[in-house]
file coords02.txt (compact mmCIF, C-alpha atoms)
# COMPACT_ATOMS: atom_id res chain seq x y z
CA MET A 1 -161.21 77.56 -70.28
CA SER A 2 -159.68 78.29 -66.91
CA THR A 3 -155.95 78.15 -66.25
CA THR A 4 -155.03 75.17 -64.13
CA ILE A 5 -152.17 74.90 -61.66
CA VAL A 6 -150.48 72.52 -64.11
CA ASP A 7 -150.59 75.22 -66.82
CA ILE A 8 -149.03 77.77 -64.47
CA ILE A 9 -146.26 75.37 -63.41
CA ASP A 10 -145.56 74.46 -67.05
CA ARG A 11 -145.35 78.14 -67.97
CA VAL A 12 -142.93 78.93 -65.13
CA LYS A 13 -140.84 75.86 -66.05
CA THR A 14 -140.16 77.33 -69.50
CA ARG A 15 -138.00 79.93 -67.69
CA ILE A 16 -135.46 77.33 -66.49
CA GLY A 17 -132.00 78.19 -67.79
CA VAL A 18 -133.01 81.64 -69.03
CA ASP A 19 -130.61 84.41 -67.96
CA GLY A 20 -131.98 87.63 -66.52
CA PRO A 21 -130.41 91.00 -67.31
CA ALA A 22 -126.93 91.52 -65.83
CA THR A 23 -126.64 94.53 -63.53
CA THR A 24 -123.46 96.32 -62.48
CA THR A 25 -123.47 98.25 -59.21
CA THR A 26 -120.78 100.03 -57.19
CA VAL A 27 -120.41 98.95 -53.56
CA GLU A 28 -120.96 102.35 -51.93
CA ALA A 29 -119.79 103.16 -48.40
CA GLY A 30 -123.13 104.82 -47.54
CA HIS A 31 -125.14 101.85 -48.77
CA VAL A 32 -123.02 99.39 -46.77
CA ARG A 33 -123.37 101.65 -43.70
CA ARG A 34 -127.17 101.76 -44.02
CA PHE A 35 -127.22 98.00 -44.52
CA VAL A 36 -125.14 97.21 -41.41
CA GLU A 37 -127.22 99.70 -39.39
CA ALA A 38 -130.35 97.87 -40.58
CA ILE A 39 -129.02 94.45 -39.58
CA GLY A 40 -127.57 95.88 -36.36
CA ASP A 41 -124.00 94.63 -36.86
CA PRO A 42 -121.49 97.18 -35.48
CA ASN A 43 -118.34 95.30 -36.59
CA PRO A 44 -115.81 98.00 -37.71
CA ARG A 45 -114.68 95.61 -40.45
CA TRP A 46 -117.80 96.63 -42.43
CA THR A 47 -116.43 100.15 -42.95
CA LYS A 48 -114.09 98.63 -45.57
CA GLU A 49 -115.66 95.34 -46.54
CA ALA A 50 -119.20 94.16 -47.30
CA PRO A 51 -120.80 91.82 -44.71
CA PRO A 52 -121.68 88.28 -45.89
CA THR A 53 -125.30 88.89 -46.95
CA PHE A 54 -124.79 92.36 -48.47
CA LEU A 55 -124.62 90.94 -52.02
CA VAL A 56 -128.40 90.61 -52.08
CA ALA A 57 -128.70 94.38 -51.69
CA LEU A 58 -126.67 95.07 -54.85
CA ALA A 59 -129.08 93.68 -57.38
CA PRO A 60 -132.25 91.63 -57.31
CA ALA A 61 -131.06 88.08 -56.69
CA ALA A 62 -134.26 86.72 -58.22
CA LEU A 63 -135.94 87.42 -61.53
CA HIS A 64 -139.39 88.86 -61.36
CA LEU A 65 -141.55 85.98 -62.54
CA THR A 66 -145.03 87.41 -63.02
CA ASP A 67 -146.34 84.05 -64.24
CA ALA A 68 -145.48 82.47 -60.88
CA GLU A 69 -147.72 85.01 -59.13
CA ASP A 70 -150.77 83.30 -60.63
CA PHE A 71 -149.95 80.44 -58.25
CA GLY A 72 -150.99 80.73 -54.59
CA LYS A 73 -151.29 83.83 -52.44
CA GLY A 74 -147.79 84.86 -51.60
CA TRP A 75 -144.02 84.41 -51.67
CA LEU A 76 -141.87 82.84 -49.00
CA ASN A 77 -138.10 82.61 -48.94
CA GLY A 78 -137.07 78.95 -48.65
CA GLY A 79 -133.35 79.40 -48.22
CA ASN A 80 -130.10 80.93 -49.39
CA ARG A 81 -126.67 79.51 -50.01
CA PHE A 82 -123.68 81.81 -50.45
CA GLU A 83 -120.29 80.70 -51.66
CA TYR A 84 -117.47 83.23 -51.21
CA LEU A 85 -114.47 83.18 -53.51
CA ALA A 86 -112.95 86.65 -52.96
CA PRO A 87 -113.69 89.58 -50.61
CA VAL A 88 -116.07 92.35 -51.69
CA VAL A 89 -114.76 95.75 -50.60
CA ILE A 90 -116.15 99.27 -50.76
CA GLY A 91 -115.56 100.78 -54.19
CA ASP A 92 -115.83 97.46 -56.03
CA GLN A 93 -118.03 97.31 -59.09
CA ILE A 94 -120.00 94.11 -58.93
CA THR A 95 -121.86 92.58 -61.84
CA ALA A 96 -124.69 90.26 -60.83
CA GLN A 97 -126.14 87.75 -63.25
CA SER A 98 -129.10 85.54 -62.31
CA HIS A 99 -130.93 82.71 -63.93
CA VAL A 100 -133.66 80.25 -62.98
CA ALA A 101 -131.95 76.96 -62.11
CA ASP A 102 -135.00 74.87 -61.31
CA VAL A 103 -138.79 74.95 -60.89
CA TYR A 104 -140.74 72.22 -59.12
CA ASP A 105 -143.92 71.76 -57.13
CA LYS A 106 -144.42 69.85 -53.92
CA ALA A 107 -147.41 69.11 -51.71
CA GLY A 108 -146.79 70.33 -48.16
CA SER A 109 -148.88 70.40 -44.97
CA ALA A 110 -150.23 73.80 -46.04
CA GLY A 111 -151.19 72.61 -49.55
CA GLU A 112 -149.35 72.68 -52.85
CA MET A 113 -146.27 74.86 -53.14
CA LEU A 114 -144.24 76.01 -56.14
CA PHE A 115 -140.45 76.19 -55.67
CA ILE A 116 -138.26 78.39 -57.87
CA VAL A 117 -134.49 78.08 -57.55
CA PHE A 118 -132.37 81.05 -58.68
CA ASP A 119 -128.61 81.07 -59.18
CA THR A 120 -126.73 84.36 -59.17
CA SER A 121 -123.05 84.92 -59.85
CA TYR A 122 -121.21 88.06 -58.72
CA THR A 123 -118.12 89.26 -60.59
CA ASN A 124 -115.96 92.26 -59.72
CA GLN A 125 -114.41 94.98 -61.93
CA ARG A 126 -111.35 92.78 -62.54
CA GLY A 127 -113.51 89.97 -63.89
CA GLU A 128 -112.98 87.82 -60.77
CA LEU A 129 -115.90 85.69 -59.65
CA VAL A 130 -116.33 86.86 -56.03
CA ALA A 131 -119.42 84.94 -54.94
CA ARG A 132 -122.25 82.69 -55.96
CA LEU A 133 -125.71 82.63 -54.45
CA ARG A 134 -128.42 80.01 -54.74
CA GLY A 135 -131.83 81.12 -53.51
CA THR A 136 -135.09 79.21 -53.30
CA LEU A 137 -138.35 81.16 -53.42
CA ILE A 138 -141.68 79.50 -52.71
CA ARG A 139 -145.16 80.41 -53.92
CA ARG A 140 -147.94 79.08 -51.75
CA MET B 1 -107.56 79.84 -32.22
CA LYS B 2 -108.42 76.53 -30.54
CA VAL B 3 -111.38 74.87 -32.21
CA GLU B 4 -112.98 71.57 -31.22
CA VAL B 5 -115.98 69.65 -32.50
CA GLY B 6 -118.99 70.34 -30.31
CA GLN B 7 -117.69 73.72 -29.14
CA GLU B 8 -120.51 76.29 -28.96
CA LEU B 9 -120.29 79.78 -30.44
CA PRO B 10 -121.10 82.67 -28.08
CA GLU B 11 -124.80 83.25 -28.67
CA LEU B 12 -126.15 86.44 -30.20
CA VAL B 13 -129.63 87.61 -29.19
CA LYS B 14 -131.34 90.08 -31.49
CA HIS B 15 -134.41 92.18 -30.68
CA PRO B 16 -135.94 92.98 -34.07
CA THR B 17 -138.58 95.73 -34.28
CA THR B 18 -141.03 96.72 -37.03
CA ARG B 19 -138.87 99.82 -37.47
CA GLN B 20 -135.89 97.56 -38.19
CA LEU B 21 -137.93 95.67 -40.79
CA VAL B 22 -138.59 98.94 -42.63
CA GLN B 23 -134.93 99.92 -42.30
CA TYR B 24 -133.90 96.53 -43.71
CA ALA B 25 -136.48 96.67 -46.52
CA GLY B 26 -134.92 99.97 -47.63
CA ALA B 27 -131.30 98.84 -47.24
CA GLN B 28 -131.82 95.57 -49.10
CA GLY B 29 -134.39 96.91 -51.55
CA ASP B 30 -136.96 94.22 -50.70
CA PHE B 31 -140.30 95.99 -50.55
CA TYR B 32 -142.55 92.94 -50.26
CA GLU B 33 -145.48 94.17 -48.14
CA ILE B 34 -145.52 91.19 -45.71
CA HIS B 35 -142.57 92.86 -43.94
CA TYR B 36 -144.21 96.22 -43.11
CA ASP B 37 -147.95 96.24 -43.96
CA GLN B 38 -149.92 94.47 -41.20
CA ALA B 39 -153.21 94.33 -43.16
CA TYR B 40 -151.47 92.93 -46.24
CA ALA B 41 -149.57 90.33 -44.18
CA ARG B 42 -152.84 89.12 -42.61
CA SER B 43 -154.54 89.01 -46.03
CA VAL B 44 -152.05 86.35 -47.16
CA GLY B 45 -152.57 84.22 -44.05
CA LEU B 46 -149.75 85.48 -41.84
CA PRO B 47 -150.31 86.53 -38.19
CA GLY B 48 -148.88 89.97 -39.03
CA VAL B 49 -145.64 91.33 -40.47
CA ILE B 50 -142.72 88.91 -40.36
CA LEU B 51 -138.94 89.15 -40.47
CA HIS B 52 -137.21 88.92 -43.86
CA GLY B 53 -135.50 85.54 -44.19
CA LEU B 54 -132.37 87.36 -45.30
CA LEU B 55 -132.46 89.57 -42.18
CA LYS B 56 -132.32 86.37 -40.09
CA ALA B 57 -129.49 85.19 -42.35
CA SER B 58 -127.67 88.47 -41.63
CA PHE B 59 -128.05 87.84 -37.88
CA LEU B 60 -126.55 84.36 -38.30
CA GLY B 61 -123.81 85.83 -40.50
CA GLN B 62 -122.94 88.18 -37.65
CA LEU B 63 -122.85 85.24 -35.22
CA VAL B 64 -120.23 83.61 -37.45
CA THR B 65 -118.12 86.67 -38.36
CA ASP B 66 -118.07 87.79 -34.67
CA TRP B 67 -116.76 84.36 -33.72
CA VAL B 68 -114.18 84.09 -36.51
CA GLY B 69 -112.90 87.67 -36.11
CA ASP B 70 -109.63 88.08 -38.02
CA GLN B 71 -108.70 84.42 -37.51
CA GLY B 72 -110.23 83.12 -40.71
CA THR B 73 -112.30 83.64 -43.84
CA LEU B 74 -115.90 82.69 -44.48
CA LYS B 75 -116.03 80.31 -47.46
CA SER B 76 -119.69 79.34 -47.57
CA PHE B 77 -122.87 80.11 -45.67
CA GLU B 78 -126.20 78.39 -46.07
CA VAL B 79 -129.57 78.92 -44.39
CA SER B 80 -133.00 77.29 -44.66
CA TYR B 81 -136.02 79.13 -43.38
CA ARG B 82 -138.26 76.67 -41.53
CA GLY B 83 -140.65 78.99 -39.75
CA ILE B 84 -141.75 82.59 -39.55
CA ASP B 85 -140.57 85.09 -36.94
CA GLU B 86 -142.38 88.21 -35.81
CA PRO B 87 -140.87 91.48 -34.62
CA ALA B 88 -140.93 92.46 -30.90
CA ARG B 89 -139.75 88.96 -29.99
CA PRO B 90 -136.19 87.99 -29.20
CA TYR B 91 -134.38 86.06 -31.89
CA ARG B 92 -131.57 83.91 -30.55
CA CYS B 93 -128.68 82.97 -32.85
CA ARG B 94 -126.65 79.94 -31.89
CA GLY B 95 -124.01 77.69 -33.39
CA ARG B 96 -121.52 74.95 -32.75
CA VAL B 97 -118.50 73.42 -34.40
CA ALA B 98 -119.68 70.44 -36.44
CA ARG B 99 -116.45 69.34 -38.11
CA VAL B 100 -112.77 70.28 -38.18
CA GLU B 101 -110.56 69.17 -41.04
CA GLY B 102 -107.13 70.75 -41.07
CA SER B 103 -107.70 74.50 -41.25
CA GLU B 104 -111.29 74.10 -42.45
CA VAL B 105 -114.07 74.35 -39.90
CA GLU B 106 -117.70 73.57 -40.51
CA LEU B 107 -120.22 75.23 -38.23
CA GLU B 108 -123.82 74.34 -37.61
CA VAL B 109 -125.83 77.52 -37.03
CA TRP B 110 -129.45 78.14 -36.20
CA GLY B 111 -131.90 80.79 -35.06
CA GLU B 112 -134.45 80.13 -32.34
CA ASP B 113 -137.69 81.88 -31.55
CA GLU B 114 -138.64 82.57 -27.92
CA SER B 115 -140.13 79.07 -27.49
CA GLY B 116 -136.79 77.54 -28.53
CA LYS B 117 -138.07 76.39 -31.93
CA ARG B 118 -135.38 76.48 -34.63
CA THR B 119 -137.01 78.65 -37.28
CA THR B 120 -133.80 78.98 -39.33
CA VAL B 121 -131.17 76.28 -39.69
CA GLY B 122 -127.95 76.44 -41.59
CA SER B 123 -124.23 75.91 -41.82
CA ALA B 124 -121.06 77.85 -42.52
CA THR B 125 -117.58 76.86 -43.64
CA VAL B 126 -114.61 78.85 -42.42
CA ALA B 127 -110.96 78.60 -43.48
CA LEU B 128 -108.78 79.41 -40.48
CA ARG B 129 -105.51 81.30 -40.98
call {"tool": "encode", "arguments": {"input": "coords02.txt", "output": "structure tokens"}}
result
Amino acid sequence: MSTTIVDIIDRVKTRIGVDGPATTTTVEAGHVRRFVEAIGDPNPRWTKEAPPTFLVALAPAALHLTDAEDFGKGWLNGGNRFEYLAPVVIGDQITAQSHVADVYDKAGSAGEMLFIVFDTSYTNQRGELVARLRGTLIRR
Amino acid sequence: MKVEVGQELPELVKHPTTRQLVQYAGAQGDFYEIHYDQAYARSVGLPGVILHGLLKASFLGQLVTDWVGDQGTLKSFEVSYRGIDEPARPYRCRGRVARVEGSEVELEVWGEDESGKRTTVGSATVALR
């Protein structure tokens, strides 16, 4: 019996609410420097502080969902929403924790697409929640 | 800082290259092949390698933090990717003040390809000092 799209979607949906592994990473000066060189932002402020999107470089902001890869040909990023509660500075130790918030499918102009919504929280070495990120990845 | 609804942010034009995509892939740790392997990108129906959505978000982040300077703090930043962008084409970042409420300013931001199509749309909230 062949696996249908419905089976794949149902399998991915079982991941909703499941936490991924938490990862703790130090915000290193060299990493931030390579990141701002890559994005081409020369603001001297980034020699002390992390630029707004740097959080995604600290830890995977999405869980690797192998089951979802049975759907469609490739991934697309649908969008990102960052909420900032405290600054992230060089030397901070940031713990990132992600989980799947939602899974849904939608028919678009290019055919059926599978949407996976990930929520990640970022906490520093003092236990302060510094940022939250919601990201939507699309399989199509 | 004087801020009024409708005020435009100074635009930021980026000139991404394939080299920059590789640099960004390494710095972010996103090694999805559609950003540096032309044959792979075409095999999944793309015209060739494309910019990372989060690289475009970084460009729009720069638009906002350049404008705010030390006059405020970024509270939230949201982007939706509506279309693909290829390297070797200018990427124009623009924004305007959408709402002012006390010290809180909401910005509408977007990125345009060379035809003027908004391939990334988003918003940012800033708390002014």
call {"tool": "residues_around", "arguments": {"input": "coords02.txt", "residues": "segment 68-76 of chain B", "least_positions_apart": "3", "cutoff": "10 Å", "atoms": "all atoms listed in the file", "output": "JSON, numbers by chain"}}
result
{"A": [43, 45, 52, 81, 82, 83, 84, 85, 86, 87, 131, 132, 133], "B": [1, 9, 61, 62, 63, 64, 65, 103, 104, 105, 106, 123, 124, 125, 126, 127, 128, 129]}
call {"tool": "atom_distance", "arguments": {"input": "coords02.txt", "atom1": "atom CA of Pro47 of chain B", "atom2": "atom CA of Pro16 of chain B"}}
result
16.3 Å
call {"tool": "interface_residues", "arguments": {"input": "coords02.txt", "of": "chain A", "to": "chain B", "cutoff": "9 Å", "atoms": "all atoms listed in the file", "output": "mmCIF file with C-alpha atoms, keeping the file's coordinate frame"}}
result
data_model
loop_
_atom_site.group_PDB
_atom_site.id
_atom_site.type_symbol
_atom_site.label_atom_id
_atom_site.label_comp_id
_atom_site.auth_asym_id
_atom_site.auth_seq_id
_atom_site.Cartn_x
_atom_site.Cartn_y
_atom_site.Cartn_z
ATOM 1 C CA HIS A 31 -125.140 101.850 -48.770
ATOM 2 C CA VAL A 32 -123.020 99.390 -46.770
ATOM 3 C CA ARG A 34 -127.170 101.760 -44.020
ATOM 4 C CA PHE A 35 -127.220 98.000 -44.520
ATOM 5 C CA VAL A 36 -125.140 97.210 -41.410
ATOM 6 C CA GLU A 37 -127.220 99.700 -39.390
ATOM 7 C CA ALA A 38 -130.350 97.870 -40.580
ATOM 8 C CA ILE A 39 -129.020 94.450 -39.580
ATOM 9 C CA GLY A 40 -127.570 95.880 -36.360
ATOM 10 C CA ASP A 41 -124.000 94.630 -36.860
ATOM 11 C CA ASN A 43 -118.340 95.300 -36.590
ATOM 12 C CA PRO A 51 -120.800 91.820 -44.710
ATOM 13 C CA PRO A 52 -121.680 88.280 -45.890
ATOM 14 C CA THR A 53 -125.300 88.890 -46.950
ATOM 15 C CA PHE A 54 -124.790 92.360 -48.470
ATOM 16 C CA VAL A 56 -128.400 90.610 -52.080
ATOM 17 C CA ALA A 57 -128.700 94.380 -51.690
ATOM 18 C CA LEU A 58 -126.670 95.070 -54.850
ATOM 19 C CA ALA A 59 -129.080 93.680 -57.380
ATOM 20 C CA PRO A 60 -132.250 91.630 -57.310
ATOM 21 C CA LYS A 73 -151.290 83.830 -52.440
ATOM 22 C CA GLY A 74 -147.790 84.860 -51.600
ATOM 23 C CA TRP A 75 -144.020 84.410 -51.670
ATOM 24 C CA LEU A 76 -141.870 82.840 -49.000
ATOM 25 C CA ASN A 77 -138.100 82.610 -48.940
ATOM 26 C CA GLY A 78 -137.070 78.950 -48.650
ATOM 27 C CA GLY A 79 -133.350 79.400 -48.220
ATOM 28 C CA ASN A 80 -130.100 80.930 -49.390
ATOM 29 C CA ARG A 81 -126.670 79.510 -50.010
ATOM 30 C CA PHE A 82 -123.680 81.810 -50.450
ATOM 31 C CA GLU A 83 -120.290 80.700 -51.660
ATOM 32 C CA TYR A 84 -117.470 83.230 -51.210
ATOM 33 C CA LEU A 85 -114.470 83.180 -53.510
ATOM 34 C CA ALA A 86 -112.950 86.650 -52.960
#
call {"tool": "atom_distance", "arguments": {"input": "coords02.txt", "atom1": "atom CA of Glu49 of chain A", "atom2": "atom CA of Thr24 of chain A"}}
result
17.8 Å
call {"tool": "residues_around", "arguments": {"input": "coords02.txt", "residues": "segment 109-123 of chain A", "least_positions_apart": "3", "cutoff": "9 Å", "atoms": "all atoms listed in the file", "output": "PyMOL selection string"}}
result
chain A and resi 9+12-13+55+61-63+68+71-72+78+93-106+126-140
call {"tool": "atom_distance", "arguments": {"input": "coords02.txt", "atom1": "atom CA of Arg11 of chain A", "atom2": "atom CA of Ala107 of chain A"}}
result
18.7 Å
call {"tool": "closest_residue", "arguments": {"input": "coords02.txt", "among": "A:Thr26, A:Asn124, A:Thr47, A:Thr14", "to": "Gly91 of chain A", "atoms": "only C-alpha atoms"}}
result
A:Thr26
call {"tool": "closest_residue", "arguments": {"input": "coords02.txt", "among": "B:Val109, B:Val49, B:Cys93, B:Val100", "to": "Thr17 of chain B", "atoms": "only C-alpha atoms"}}
result
B:Val49
call {"tool": "residues_around", "arguments": {"input": "coords02.txt", "residues": "Gly6 of chain B", "least_positions_apart": "2", "cutoff": "7 Å", "atoms": "only C-alpha atoms", "output": "list in words"}}
result
Glu4, Glu8, Arg96, Val97 and Ala98 of chain B
call {"tool": "closest_residue", "arguments": {"input": "coords02.txt", "among": "A:Val27, A:Pro21, A:Asp70, A:Leu65", "to": "Asp7 of chain A", "atoms": "all atoms listed in the file"}}
result
A:Asp70
call {"tool": "closest_residue", "arguments": {"input": "coords02.txt", "among": "B:Trp67, B:Pro90, B:Ala39, B:Gly95", "to": "Lys2 of chain B", "atoms": "all atoms listed in the file"}}
result
B:Trp67
